[in-house]
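Source file: my_file24.cif; contents: mmCIF, C-alpha atoms (C1' of nucleotides).
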data_query
#
loop_
_atom_site.group_PDB
_atom_site.id
_atom_site.type_symbol
_atom_site.label_atom_id
_atom_site.label_comp_id
_atom_site.auth_asym_id
_atom_site.auth_seq_id
_atom_site.Cartn_x
_atom_site.Cartn_y
_atom_site.Cartn_z
ATOM 1 C CA MET A 1 0.000 0.000 0.000
ATOM 2 C CA PRO A 2 2.308 2.762 1.093
ATOM 3 C CA GLU A 3 5.326 4.190 -0.659
ATOM 4 C CA LEU A 4 7.555 6.919 0.685
ATOM 5 C CA PRO A 5 4.989 9.765 0.511
ATOM 6 C CA GLU A 6 2.367 7.736 2.331
ATOM 7 C CA VAL A 7 4.801 6.591 5.025
ATOM 8 C CA GLU A 8 6.084 10.141 5.441
ATOM 9 C CA THR A 9 2.507 11.414 5.726
ATOM 10 C CA ILE A 10 1.871 8.916 8.508
ATOM 11 C CA ARG A 11 5.131 9.871 10.233
ATOM 12 C CA ARG A 12 4.158 13.528 10.274
ATOM 13 C CA GLY A 13 0.784 12.657 11.696
ATOM 14 C CA LEU A 14 2.460 10.809 14.543
ATOM 15 C CA GLU A 15 4.832 13.597 15.565
ATOM 16 C CA ARG A 16 2.626 14.516 18.480
ATOM 17 C CA LEU A 17 3.664 11.274 20.145
ATOM 18 C CA GLU A 18 7.047 12.864 20.831
ATOM 19 C CA GLY A 19 7.733 12.948 24.530
ATOM 20 C CA ALA A 20 4.887 10.601 25.480
ATOM 21 C CA THR A 21 5.564 7.570 27.669
ATOM 22 C CA LEU A 22 4.875 4.044 26.457
ATOM 23 C CA ARG A 23 2.541 2.519 29.035
ATOM 24 C CA ASP A 24 1.349 -0.721 27.485
ATOM 25 C CA VAL A 25 1.588 -2.936 24.413
ATOM 26 C CA GLU A 26 -0.712 -5.682 23.207
ATOM 27 C CA VAL A 27 0.207 -8.112 20.432
ATOM 28 C CA ARG A 28 -2.818 -10.052 19.195
ATOM 29 C CA GLU A 29 -1.039 -11.595 16.177
ATOM 30 C CA ARG A 30 2.709 -12.088 15.936
ATOM 31 C CA ARG A 31 3.101 -13.795 12.561
ATOM 32 C CA PHE A 32 4.359 -11.164 10.159
ATOM 33 C CA ARG A 33 7.234 -10.909 7.678
ATOM 34 C CA LEU A 34 9.248 -11.325 10.857
ATOM 35 C CA ARG A 35 7.765 -12.806 14.012
ATOM 36 C CA ILE A 36 7.115 -10.159 16.658
ATOM 37 C CA ASP A 37 9.263 -10.568 19.769
ATOM 38 C CA GLU A 38 6.794 -9.494 22.410
ATOM 39 C CA VAL A 39 9.283 -9.791 25.256
ATOM 40 C CA VAL A 40 11.611 -7.213 23.730
ATOM 41 C CA LEU A 41 8.688 -4.997 22.715
ATOM 42 C CA ARG A 42 7.368 -5.021 26.286
ATOM 43 C CA GLY A 43 10.870 -4.287 27.507
ATOM 44 C CA LEU A 44 10.309 -0.747 26.234
ATOM 45 C CA LEU A 45 7.436 -0.059 28.654
ATOM 46 C CA GLY A 46 7.952 3.019 30.792
ATOM 47 C CA ARG A 47 10.222 4.730 28.304
ATOM 48 C CA ARG A 48 9.600 8.056 26.621
ATOM 49 C CA ILE A 49 9.391 8.144 22.865
ATOM 50 C CA GLU A 50 11.391 10.485 20.676
ATOM 51 C CA ARG A 51 10.053 12.191 17.562
ATOM 52 C CA PRO A 52 9.032 9.492 15.062
ATOM 53 C CA GLY A 53 11.546 9.026 12.243
ATOM 54 C CA ARG A 54 11.623 7.347 8.872
ATOM 55 C CA ARG A 55 14.160 5.385 6.844
ATOM 56 C CA ALA A 56 12.956 4.243 3.418
ATOM 57 C CA LYS A 57 9.433 2.902 4.024
ATOM 58 C CA TYR A 58 10.164 2.070 7.665
ATOM 59 C CA LEU A 59 8.831 4.124 10.581
ATOM 60 C CA LEU A 60 11.210 4.506 13.513
ATOM 61 C CA PHE A 61 10.056 4.998 17.082
ATOM 62 C CA ALA A 62 13.204 5.507 19.092
ATOM 63 C CA THR A 63 13.037 5.636 22.857
ATOM 64 C CA GLU A 64 15.117 8.008 24.968
ATOM 65 C CA GLY A 65 18.472 6.509 25.843
ATOM 66 C CA GLY A 66 18.518 4.038 22.945
ATOM 67 C CA GLY A 67 16.414 1.256 21.479
ATOM 68 C CA GLY A 68 12.820 1.514 20.337
ATOM 69 C CA PHE A 69 10.678 -0.138 17.706
ATOM 70 C CA ILE A 70 10.379 -0.113 13.917
ATOM 71 C CA VAL A 71 7.194 -0.583 11.869
ATOM 72 C CA HIS A 72 6.887 -1.457 8.198
ATOM 73 C CA LEU A 73 3.453 -1.396 6.588
ATOM 74 C CA GLY A 74 4.027 -3.873 3.777
ATOM 75 C CA MET A 75 1.227 -3.760 1.205
ATOM 76 C CA SER A 76 -1.823 -3.453 3.403
ATOM 77 C CA GLY A 77 -0.595 -2.024 6.701
ATOM 78 C CA ARG A 78 -2.104 0.981 8.448
ATOM 79 C CA LEU A 79 -0.836 2.771 11.514
ATOM 80 C CA PHE A 80 -3.144 5.227 13.208
ATOM 81 C CA MET A 81 -4.144 6.786 16.490
ATOM 82 C CA VAL A 82 -7.458 6.190 18.183
ATOM 83 C CA PRO A 83 -8.853 7.166 21.571
ATOM 84 C CA ALA A 84 -7.740 4.522 24.047
ATOM 85 C CA GLY A 85 -10.170 1.615 24.041
ATOM 86 C CA ALA A 86 -11.842 2.262 20.679
ATOM 87 C CA PRO A 87 -13.424 -0.945 19.380
ATOM 88 C CA LEU A 88 -11.131 -3.348 17.550
ATOM 89 C CA GLN A 89 -11.658 -4.088 13.891
ATOM 90 C CA ALA A 90 -10.515 -7.075 11.874
ATOM 91 C CA HIS A 91 -6.720 -7.376 11.595
ATOM 92 C CA ASP A 92 -5.970 -4.843 14.335
ATOM 93 C CA HIS A 93 -2.925 -6.864 15.337
ATOM 94 C CA VAL A 94 -0.891 -4.595 17.636
ATOM 95 C CA SER A 95 -1.712 -1.723 20.008
ATOM 96 C CA TRP A 96 0.591 0.641 21.881
ATOM 97 C CA TRP A 97 -0.726 2.953 24.577
ATOM 98 C CA PHE A 98 1.083 6.237 25.117
ATOM 99 C CA GLU A 99 0.490 8.598 28.016
ATOM 100 C CA ARG A 100 1.278 12.250 28.539
ATOM 101 C CA ASP A 101 -0.088 14.462 31.305
ATOM 102 C CA GLY A 102 -2.632 11.807 32.205
ATOM 103 C CA GLU A 103 -3.978 11.568 28.675
ATOM 104 C CA VAL A 104 -3.723 8.217 26.907
ATOM 105 C CA VAL A 105 -3.739 7.640 23.148
ATOM 106 C CA GLU A 106 -3.612 4.302 21.405
ATOM 107 C CA LEU A 107 -1.429 3.658 18.392
ATOM 108 C CA ARG A 108 -2.826 0.789 16.383
ATOM 109 C CA PHE A 109 -1.334 -1.391 13.649
ATOM 110 C CA ARG A 110 -3.788 -3.021 11.251
ATOM 111 C CA ASP A 111 -2.432 -5.269 8.511
ATOM 112 C CA PRO A 112 -4.697 -7.805 6.772
ATOM 113 C CA ARG A 113 -2.015 -9.358 4.578
ATOM 114 C CA ARG A 114 0.682 -9.343 7.268
ATOM 115 C CA PHE A 115 3.469 -8.409 4.868
ATOM 116 C CA GLY A 116 4.457 -5.712 7.334
ATOM 117 C CA LEU A 117 6.598 -6.020 10.435
ATOM 118 C CA VAL A 118 7.232 -4.722 13.936
ATOM 119 C CA VAL A 119 10.737 -5.157 15.293
ATOM 120 C CA SER A 120 12.164 -3.798 18.497
ATOM 121 C CA ARG A 121 15.453 -3.533 20.324
ATOM 122 C CA LEU A 122 16.319 -2.405 23.810
ATOM 123 C CA HIS A 123 19.569 -0.590 23.085
ATOM 124 C CA GLY A 124 21.402 1.345 20.419
ATOM 125 C CA ASP A 125 20.511 3.470 17.436
ATOM 126 C CA LEU A 126 17.591 2.170 15.373
ATOM 127 C CA HIS A 127 19.295 3.446 12.237
ATOM 128 C CA SER A 128 21.976 0.782 12.677
ATOM 129 C CA HIS A 129 19.417 -2.033 12.489
ATOM 130 C CA PRO A 130 20.359 -4.827 10.042
ATOM 131 C CA LEU A 131 17.132 -4.168 8.118
ATOM 132 C CA PHE A 132 18.748 -1.036 6.748
ATOM 133 C CA GLU A 133 22.155 -2.482 5.926
ATOM 134 C CA ALA A 134 21.764 -2.900 2.184
ATOM 135 C CA LEU A 135 19.534 0.104 1.491
ATOM 136 C CA GLY A 136 20.430 2.761 -1.042
ATOM 137 C CA PRO A 137 20.119 6.524 -0.579
ATOM 138 C CA GLU A 138 17.007 8.436 0.427
ATOM 139 C CA PRO A 139 15.510 10.008 -2.715
ATOM 140 C CA LEU A 140 14.977 13.324 -0.920
ATOM 141 C CA GLY A 141 18.445 13.319 0.626
ATOM 142 C CA ASP A 142 21.902 14.460 -0.473
ATOM 143 C CA GLY A 143 22.995 10.993 -1.601
ATOM 144 C CA PHE A 144 20.518 10.973 -4.474
ATOM 145 C CA SER A 145 21.851 13.050 -7.347
ATOM 146 C CA THR A 146 22.169 12.950 -11.118
ATOM 147 C CA ALA A 147 25.812 11.969 -10.727
ATOM 148 C CA TYR A 148 24.831 9.092 -8.449
ATOM 149 C CA VAL A 149 22.011 7.654 -10.558
ATOM 150 C CA PHE A 150 24.050 7.898 -13.725
ATOM 151 C CA ALA A 151 27.089 6.186 -12.198
ATOM 152 C CA ALA A 152 25.046 3.557 -10.352
ATOM 153 C CA SER A 153 23.127 2.539 -13.461
ATOM 154 C CA ARG A 154 26.152 1.996 -15.735
ATOM 155 C CA GLY A 155 26.396 -1.555 -16.974
ATOM 156 C CA SER A 156 22.861 -2.514 -15.946
ATOM 157 C CA ARG A 157 20.786 -4.137 -18.656
ATOM 158 C CA ARG A 158 17.540 -4.368 -16.769
ATOM 159 C CA PRO A 159 14.517 -2.149 -17.421
ATOM 160 C CA VAL A 160 14.816 1.259 -15.772
ATOM 161 C CA LYS A 161 11.449 0.775 -14.055
ATOM 162 C CA ASN A 162 12.881 -2.155 -12.128
ATOM 163 C CA THR A 163 15.958 -0.121 -11.241
ATOM 164 C CA LEU A 164 13.824 2.639 -9.743
ATOM 165 C CA MET A 165 12.062 0.075 -7.566
ATOM 166 C CA ASP A 166 15.281 -1.546 -6.355
ATOM 167 C CA ALA A 167 15.870 -0.412 -2.762
ATOM 168 C CA ARG A 168 19.623 -0.840 -3.182
ATOM 169 C CA PHE A 169 19.508 1.791 -5.928
ATOM 170 C CA VAL A 170 17.157 4.198 -4.168
ATOM 171 C CA VAL A 171 14.616 3.648 -1.400
ATOM 172 C CA GLY A 172 11.003 4.658 -1.126
ATOM 173 C CA VAL A 173 10.001 4.486 -4.803
ATOM 174 C CA GLY A 174 7.293 1.867 -5.261
ATOM 175 C CA ASN A 175 5.020 0.809 -8.057
ATOM 176 C CA ILE A 176 2.962 3.990 -8.328
ATOM 177 C CA TYR A 177 5.736 6.553 -8.237
ATOM 178 C CA ALA A 178 8.071 4.565 -10.483
ATOM 179 C CA SER A 179 5.470 4.724 -13.264
ATOM 180 C CA GLU A 180 4.687 8.366 -12.518
ATOM 181 C CA ALA A 181 8.319 9.512 -12.490
ATOM 182 C CA LEU A 182 8.955 7.784 -15.823
ATOM 183 C CA TRP A 183 5.869 9.402 -17.316
ATOM 184 C CA ARG A 184 7.024 12.822 -16.149
ATOM 185 C CA ALA A 185 10.517 12.262 -17.541
ATOM 186 C CA ARG A 186 9.082 10.881 -20.812
ATOM 187 C CA ILE A 187 11.174 7.750 -20.509
ATOM 188 C CA ASN A 188 9.972 4.309 -21.561
ATOM 189 C CA PRO A 189 9.914 1.969 -18.543
ATOM 190 C CA LYS A 190 11.412 -0.804 -20.664
ATOM 191 C CA ALA A 191 14.536 1.213 -21.527
ATOM 192 C CA GLN A 192 17.709 -0.436 -20.257
ATOM 193 C CA ALA A 193 18.978 1.503 -17.258
ATOM 194 C CA GLY A 194 22.600 1.352 -18.329
ATOM 195 C CA ARG A 195 21.889 2.750 -21.773
ATOM 196 C CA ILE A 196 20.069 5.884 -20.647
ATOM 197 C CA SER A 197 22.085 9.045 -21.263
ATOM 198 C CA ARG A 198 23.213 11.381 -18.530
ATOM 199 C CA THR A 199 20.828 14.059 -19.790
ATOM 200 C CA ARG A 200 17.855 11.734 -19.607
ATOM 201 C CA TRP A 201 18.909 10.405 -16.188
ATOM 202 C CA SER A 202 19.073 14.008 -15.045
ATOM 203 C CA ARG A 203 15.456 14.440 -16.115
ATOM 204 C CA LEU A 204 14.434 11.204 -14.442
ATOM 205 C CA HIS A 205 16.239 12.067 -11.232
ATOM 206 C CA ALA A 206 14.408 15.404 -11.096
ATOM 207 C CA ALA A 207 11.096 13.677 -11.841
ATOM 208 C CA VAL A 208 11.532 11.219 -8.970
ATOM 209 C CA VAL A 209 12.272 13.999 -6.499
ATOM 210 C CA ASP A 210 9.483 16.175 -7.827
ATOM 211 C CA VAL A 211 6.763 13.538 -7.825
ATOM 212 C CA LEU A 212 7.615 12.388 -4.294
ATOM 213 C CA GLN A 213 7.641 15.932 -2.944
ATOM 214 C CA HIS A 214 4.336 16.792 -4.564
ATOM 215 C CA ALA A 215 2.755 13.571 -3.346
ATOM 216 C CA ILE A 216 3.864 14.341 0.202
ATOM 217 C CA SER A 217 2.383 17.823 -0.056
ATOM 218 C CA GLU A 218 -0.961 16.241 -1.036
ATOM 219 C CA GLY A 219 -0.859 13.790 1.844
ATOM 220 C CA GLY A 220 -0.016 10.787 -0.350
ATOM 221 C CA THR A 221 -2.059 8.733 -2.800
ATOM 222 C CA THR A 222 -5.223 6.908 -1.785
ATOM 223 C CA LEU A 223 -6.185 4.254 -4.328
ATOM 224 C CA ARG A 224 -8.334 2.143 -2.056
ATOM 225 C CA ASP A 225 -7.594 2.282 1.602
ATOM 226 C CA PHE A 226 -4.590 4.444 2.426
ATOM 227 C CA ARG A 227 -5.238 6.709 5.400
ATOM 228 C CA SER A 228 -2.999 9.021 7.374
ATOM 229 C CA ALA A 229 -2.403 8.527 11.092
ATOM 230 C CA SER A 230 -5.525 10.569 11.781
ATOM 231 C CA GLY A 231 -7.649 8.745 9.196
ATOM 232 C CA ASP A 232 -7.542 11.152 6.264
ATOM 233 C CA PRO A 233 -7.093 9.998 2.648
ATOM 234 C CA GLY A 234 -4.332 11.399 0.420
ATOM 235 C CA TYR A 235 -5.233 13.547 -2.563
ATOM 236 C CA PHE A 236 -2.389 12.892 -4.980
ATOM 237 C CA ARG A 237 -4.440 10.377 -6.945
ATOM 238 C CA ASN A 238 -5.914 13.286 -8.879
ATOM 239 C CA GLN A 239 -2.435 14.076 -10.138
ATOM 240 C CA LEU A 240 -1.494 10.612 -11.345
ATOM 241 C CA HIS A 241 -0.971 10.674 -15.092
ATOM 242 C CA ALA A 242 -0.180 7.029 -15.794
ATOM 243 C CA TYR A 243 -0.749 4.708 -12.847
ATOM 244 C CA ASP A 244 -4.030 2.802 -12.967
ATOM 245 C CA ARG A 245 -5.080 4.674 -16.114
ATOM 246 C CA ASP A 246 -4.675 2.048 -18.811
ATOM 247 C CA GLY A 247 -7.007 2.705 -21.722
ATOM 248 C CA GLU A 248 -7.337 6.379 -20.837
ATOM 249 C CA ARG A 249 -5.871 9.154 -22.960
ATOM 250 C CA CYS A 250 -2.454 10.508 -22.062
ATOM 251 C CA SER A 251 -2.887 14.049 -20.730
ATOM 252 C CA ARG A 252 0.193 15.120 -22.682
ATOM 253 C CA CYS A 253 -0.154 13.534 -26.120
ATOM 254 C CA ALA A 254 -3.627 11.924 -26.122
ATOM 255 C CA SER A 255 -2.285 8.446 -26.896
ATOM 256 C CA SER A 256 -3.755 5.548 -24.975
ATOM 257 C CA ILE A 257 -2.046 4.680 -21.664
ATOM 258 C CA ARG A 258 -0.887 1.057 -21.595
ATOM 259 C CA ARG A 259 -0.458 -1.478 -18.831
ATOM 260 C CA ILE A 260 2.368 -3.986 -19.074
ATOM 261 C CA VAL A 261 3.918 -6.361 -16.525
ATOM 262 C CA GLN A 262 7.543 -6.025 -15.444
ATOM 263 C CA ALA A 263 9.092 -8.271 -12.807
ATOM 264 C CA GLY A 264 5.601 -9.384 -11.912
ATOM 265 C CA ARG A 265 4.273 -5.881 -11.247
ATOM 266 C CA SER A 266 2.000 -3.676 -13.345
ATOM 267 C CA THR A 267 3.643 -0.777 -15.143
ATOM 268 C CA TYR A 268 1.629 2.019 -16.743
ATOM 269 C CA TYR A 269 3.066 4.262 -19.410
ATOM 270 C CA CYS A 270 2.294 6.200 -22.546
ATOM 271 C CA PRO A 271 3.712 4.608 -25.699
ATOM 272 C CA GLY A 272 3.117 7.896 -27.518
ATOM 273 C CA CYS A 273 5.447 10.166 -25.564
ATOM 274 C CA GLN A 274 7.677 7.930 -23.412
ATOM 275 C CA HIS A 275 10.773 6.772 -25.292
ATOM 276 C "C1'" DC B 1 27.416 -11.530 -10.679
ATOM 277 C "C1'" DG B 2 22.718 -9.706 -12.060
ATOM 278 C "C1'" DT B 3 18.160 -10.804 -12.811
ATOM 279 C "C1'" DA B 4 13.479 -13.035 -13.076
ATOM 280 C "C1'" DG B 5 10.158 -15.500 -10.659
ATOM 281 C "C1'" DA B 6 7.972 -17.648 -6.670
ATOM 282 C "C1'" DC B 7 6.334 -16.740 -2.383
ATOM 283 C "C1'" DC B 8 4.440 -14.702 1.937
ATOM 284 C "C1'" DC B 9 -1.256 -13.380 3.025
ATOM 285 C "C1'" DT B 10 -6.091 -11.546 2.817
ATOM 286 C "C1'" DG B 11 -9.642 -9.056 0.379
ATOM 287 C "C1'" DC B 12 -11.931 -7.140 -3.494
ATOM 288 C "C1'" DG B 13 -13.982 -6.652 -8.041
ATOM 289 C "C1'" DC B 14 -15.010 -8.800 -12.135
ATOM 290 C "C1'" DG B 15 -16.897 -12.218 -15.491
ATOM 291 C "C1'" DC B 16 -19.457 -16.216 -15.873
ATOM 292 C "C1'" DT C 1 -26.504 -15.269 -5.982
ATOM 293 C "C1'" DG C 2 -22.203 -17.733 -5.822
ATOM 294 C "C1'" DC C 3 -17.709 -19.037 -7.404
ATOM 295 C "C1'" DG C 4 -13.197 -18.805 -9.350
ATOM 296 C "C1'" DC C 5 -9.791 -15.876 -11.051
ATOM 297 C "C1'" DG C 6 -6.674 -12.090 -11.268
ATOM 298 C "C1'" DC C 7 -5.015 -8.407 -9.059
ATOM 299 C "C1'" DA C 8 -3.344 -5.317 -5.123
ATOM 300 C "C1'" DG C 9 0.648 0.495 -2.866
ATOM 301 C "C1'" DG C 10 6.377 -4.601 -0.566
ATOM 302 C "C1'" DG C 11 10.332 -7.290 0.301
ATOM 303 C "C1'" DT C 12 13.029 -11.605 0.428
ATOM 304 C "C1'" DC C 13 14.713 -15.908 -1.089
ATOM 305 C "C1'" DT C 14 15.928 -19.173 -4.682
ATOM 306 C "C1'" DA C 15 17.339 -20.723 -9.093
ATOM 307 C "C1'" DC C 16 19.291 -19.773 -13.260
#

structure tokens encoding of this file:
Amino acid sequence: MPELPEVETIRRGLERLEGATLRDVEVRERRFRLRIDEVVLRGLLGRRIERPGRRAKYLLFATEGGGGFIVHLGMSGRLFMVPAGAPLQAHDHVSWWFERDGEVVELRFRDPRRFGLVVSRLHGDLHSHPLFEALGPEPLGDGFSTAYVFAASRGSRRPVKNTLMDARFVVGVGNIYASEALWRARINPKAQAGRISRTRWSRLHAAVVDVLQHAISEGGTTLRDFRSASGDPGYFRNQLHAYDRDGERCSRCASSIRRIVQAGRSTYYCPGCQH
DNA sequence: CGTAGACCCTGCGCGC
DNA sequence: TGCGCGCAGGGTCTAC
């Protein structure tokens, strides 16, 4: 479900947890991409939480003095705040209760498909977690530049769409924004990454940054069920030009948007103006 | 080595 | 109405 803009939107909505104390945790289902270690998670009780962070599509909840927990939403995960004790719905698998000045809020993790994860550690910097070892640069950070993408793509024969979705190349770009960035840069998703010129990579690099920033400013993209931490949908769907629009006319050249499959995932593009 | 494909899991919309 | 199929915003492991 969520790519970088959606995860970042959720992170921002959770900033008011900063400084609150973790009072309780309940794990109703522990079988996820990784099995939840409830003992370690409960070892965090009584600690104050720092401002929520993000690395790639992971949300980081560090506790003061080290340690904390990490949440990934997979395809179908949602993370949101409810008044403590609000009725449970299907697949509400984990709850955290935070308290500040006598007021308690519940953070709830719902994930029907269970492709997500919750991991925790008692000590150290969450950023040094092994989950992050092989990750590439943040697309909105200094490490992501035209020079980098051009150099990193040399020699690669795979389709550029797959490169954009490879977390070792750059993190946070998923199926929606890969198609959208390529549409904006007018580059065919099937083009071999290593054969794209520096000029065109420069355009694509700018398109990735631009589309992610705009999506964040619209609160992300809601196709079906994405919601922010406070339950609001994202409005960037109105600004998608390719994704989920096969058969519709391209807003730029009026050709028909096509859907193809690459590495098992749908890709949408305009054969008329993406080369 | 790089890459494609299977797989993890549940739910939804569609055609029959 | 009911059923089977394909598809879904992610990431990892295996086999070539």

Using only C-alpha atoms (C1' of nucleotides), what does the table of chain C residues within 10 Å of chain A look like, with each row giving the shortest atom pair and its distance in Å to one decimal, sorted by chain and ascending number, as JSON lines?
{"residue": "C:DC7", "atom": "C1'", "partner": "A:Ser266", "partner_atom": "CA", "distance": 9.5}
{"residue": "C:DA8", "atom": "C1'", "partner": "A:Met75", "partner_atom": "CA", "distance": 8.0}
{"residue": "C:DG9", "atom": "C1'", "partner": "A:Met1", "partner_atom": "CA", "distance": 3.0}
{"residue": "C:DG10", "atom": "C1'", "partner": "A:Gly74", "partner_atom": "CA", "distance": 5.0}
{"residue": "C:DG11", "atom": "C1'", "partner": "A:Gly74", "partner_atom": "CA", "distance": 8.0}
{"residue": "C:DT12", "atom": "C1'", "partner": "A:Arg33", "partner_atom": "CA", "distance": 9.3}

Using all atoms listed in the file, determine which residues of chain B fall within 9 Å of chain A; present them as number ranges by chain.
B: 2-5, 8-11

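You will find CA of Ala185 in chain A at 22.6 Å from CA of Ala56 in chain A.
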
Can you work out the spacing between CA of Leu4 in chain A and CA of Leu212 in chain A in Å, to one decimal?
7.4 Å

Local residues around (6.2, -7.6, 12.8), at most 7 Å away, using all atoms listed in the file, as a PyMOL selection string:
chain A and resi 30-36+116-119

For the residues in the current selection, export C-alpha atoms as a tab-separated table (two decimals), in the frame of the given file.
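Dumped to again.tsv:
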chain	number	residue	atom	x	y	z
A	30	ARG	CA	2.71	-12.09	15.94
A	31	ARG	CA	3.10	-13.80	12.56
A	32	PHE	CA	4.36	-11.16	10.16
A	33	ARG	CA	7.23	-10.91	7.68
A	34	LEU	CA	9.25	-11.32	10.86
A	35	ARG	CA	7.76	-12.81	14.01
A	36	ILE	CA	7.12	-10.16	16.66
A	116	GLY	CA	4.46	-5.71	7.33
A	117	LEU	CA	6.60	-6.02	10.44
A	118	VAL	CA	7.23	-4.72	13.94
A	119	VAL	CA	10.74	-5.16	15.29

For the provided coordinates, the residues matched by the PyMOL selection byres ((chain A and resi 19) around 12) should be stated as a list of chain:residue names.
A:Leu14, A:Glu15, A:Arg16, A:Leu17, A:Glu18, A:Ala20, A:Thr21, A:Leu22, A:Gly46, A:Arg47, A:Arg48, A:Ile49, A:Glu50, A:Arg51, A:Pro52, A:Phe61, A:Ala62, A:Thr63, A:Glu64, A:Phe98, A:Glu99, A:Arg100, A:Asp101

Dump as a tab-separated table (two decimals), keeping the file's coordinate frame, selection limited to C-alpha atoms:
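What ended up in out.tsv:
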chain	number	residue	atom	x	y	z
A	14	LEU	CA	2.46	10.81	14.54
A	15	GLU	CA	4.83	13.60	15.56
A	16	ARG	CA	2.63	14.52	18.48
A	17	LEU	CA	3.66	11.27	20.14
A	18	GLU	CA	7.05	12.86	20.83
A	20	ALA	CA	4.89	10.60	25.48
A	21	THR	CA	5.56	7.57	27.67
A	22	LEU	CA	4.88	4.04	26.46
A	46	GLY	CA	7.95	3.02	30.79
A	47	ARG	CA	10.22	4.73	28.30
A	48	ARG	CA	9.60	8.06	26.62
A	49	ILE	CA	9.39	8.14	22.86
A	50	GLU	CA	11.39	10.48	20.68
A	51	ARG	CA	10.05	12.19	17.56
A	52	PRO	CA	9.03	9.49	15.06
A	61	PHE	CA	10.06	5.00	17.08
A	62	ALA	CA	13.20	5.51	19.09
A	63	THR	CA	13.04	5.64	22.86
A	64	GLU	CA	15.12	8.01	24.97
A	98	PHE	CA	1.08	6.24	25.12
A	99	GLU	CA	0.49	8.60	28.02
A	100	ARG	CA	1.28	12.25	28.54
A	101	ASP	CA	-0.09	14.46	31.30

Measure the distance from CA of Ala193 in chain A to CA of Ser153 in chain A in Å and round it to one decimal.
5.7 Å

In the coordinate frame of the file, compute which residues have an atom within 9 Å of (4.0, 7.1, -24.6) when using all atoms listed in the file, and state them as JSON, numbers by chain.
{"A": [183, 186, 187, 188, 250, 253, 255, 256, 257, 258, 269, 270, 271, 272, 273, 274, 275]}

I'd like the box whose edges run along x, y and z of the file and which contains every listed atom of range 17-33 of chain A, padded by 6 Å per side; could you state its centre and edge lengths in Å, one decimal, as lines of an AutoDock Vina configuration file?
center_x = 2.5
center_y = -0.4
center_z = 18.4
size_x = 22.6
size_y = 38.7
size_z = 33.4

Identify all residues satisfying the PyMOL selection byres ((chain C and resi 3-6) around 10) in the given file; provide them as a PyMOL selection string.
(chain B and resi 13-16) or (chain C and resi 1-2+7-8)

12 Å contact set for Ala207 in chain A, all atoms listed in the file, chain neighbours under 3 positions out, as a list in words:
Pro139, Leu140, Ser145, Thr146, Leu164, Val173, Tyr177, Ala178, Ser179, Glu180, Ala181, Leu182, Trp183, Arg184, Ala185, Arg186, Ile187, Arg200, Trp201, Ser202, Arg203, Leu204, Asp210, Val211, Leu212, Gln213, His214 and Ala215 of chain A

To test your reading of the syntax: which residues would the PyMOL selection byres ((chain C and resi 14) around 9) return for the file shown? Reply as a PyMOL selection string.
(chain B and resi 6) or (chain C and resi 13+15)

May I have the residues within 6 Å of range 126-137 of chain A as an MDAnalysis selection string, using all atoms listed in the file and disregarding those fewer than 5 positions away in the same chain?
chainID A and resid 143:144 167:171

N, CA and C atoms are needed for range 35-45 of chain A; please write them out as a PDB file, in the coordinates of the input.
ATOM      1  N   ARG A  35       8.589 -12.545  12.838  1.00  0.00           N
ATOM      2  CA  ARG A  35       7.765 -12.806  14.012  1.00  0.00           C
ATOM      3  C   ARG A  35       8.017 -11.730  15.070  1.00  0.00           C
ATOM      4  N   ILE A  36       6.943 -11.204  15.642  1.00  0.00           N
ATOM      5  CA  ILE A  36       7.115 -10.159  16.658  1.00  0.00           C
ATOM      6  C   ILE A  36       7.658 -10.768  17.949  1.00  0.00           C
ATOM      7  N   ASP A  37       8.715 -10.159  18.468  1.00  0.00           N
ATOM      8  CA  ASP A  37       9.263 -10.568  19.769  1.00  0.00           C
ATOM      9  C   ASP A  37       8.615  -9.702  20.855  1.00  0.00           C
ATOM     10  N   GLU A  38       7.587 -10.263  21.462  1.00  0.00           N
ATOM     11  CA  GLU A  38       6.794  -9.494  22.410  1.00  0.00           C
ATOM     12  C   GLU A  38       7.574  -9.161  23.672  1.00  0.00           C
ATOM     13  N   VAL A  39       8.500 -10.026  24.037  1.00  0.00           N
ATOM     14  CA  VAL A  39       9.283  -9.791  25.256  1.00  0.00           C
ATOM     15  C   VAL A  39      10.123  -8.520  25.105  1.00  0.00           C
ATOM     16  N   VAL A  40      10.801  -8.410  23.961  1.00  0.00           N
ATOM     17  CA  VAL A  40      11.611  -7.213  23.730  1.00  0.00           C
ATOM     18  C   VAL A  40      10.717  -5.981  23.608  1.00  0.00           C
ATOM     19  N   LEU A  41       9.598  -6.137  22.892  1.00  0.00           N
ATOM     20  CA  LEU A  41       8.688  -4.997  22.715  1.00  0.00           C
ATOM     21  C   LEU A  41       8.192  -4.488  24.078  1.00  0.00           C
ATOM     22  N   ARG A  42       7.847  -5.413  24.957  1.00  0.00           N
ATOM     23  CA  ARG A  42       7.368  -5.021  26.286  1.00  0.00           C
ATOM     24  C   ARG A  42       8.494  -4.490  27.160  1.00  0.00           C
ATOM     25  N   GLY A  43       9.718  -4.817  26.777  1.00  0.00           N
ATOM     26  CA  GLY A  43      10.870  -4.287  27.507  1.00  0.00           C
ATOM     27  C   GLY A  43      11.005  -2.776  27.379  1.00  0.00           C
ATOM     28  N   LEU A  44      10.250  -2.198  26.440  1.00  0.00           N
ATOM     29  CA  LEU A  44      10.309  -0.747  26.234  1.00  0.00           C
ATOM     30  C   LEU A  44       9.326   0.011  27.119  1.00  0.00           C
ATOM     31  N   LEU A  45       8.469  -0.719  27.841  1.00  0.00           N
ATOM     32  CA  LEU A  45       7.436  -0.059  28.654  1.00  0.00           C
ATOM     33  C   LEU A  45       8.075   0.876  29.682  1.00  0.00           C
TER      34      LEU A  45
END
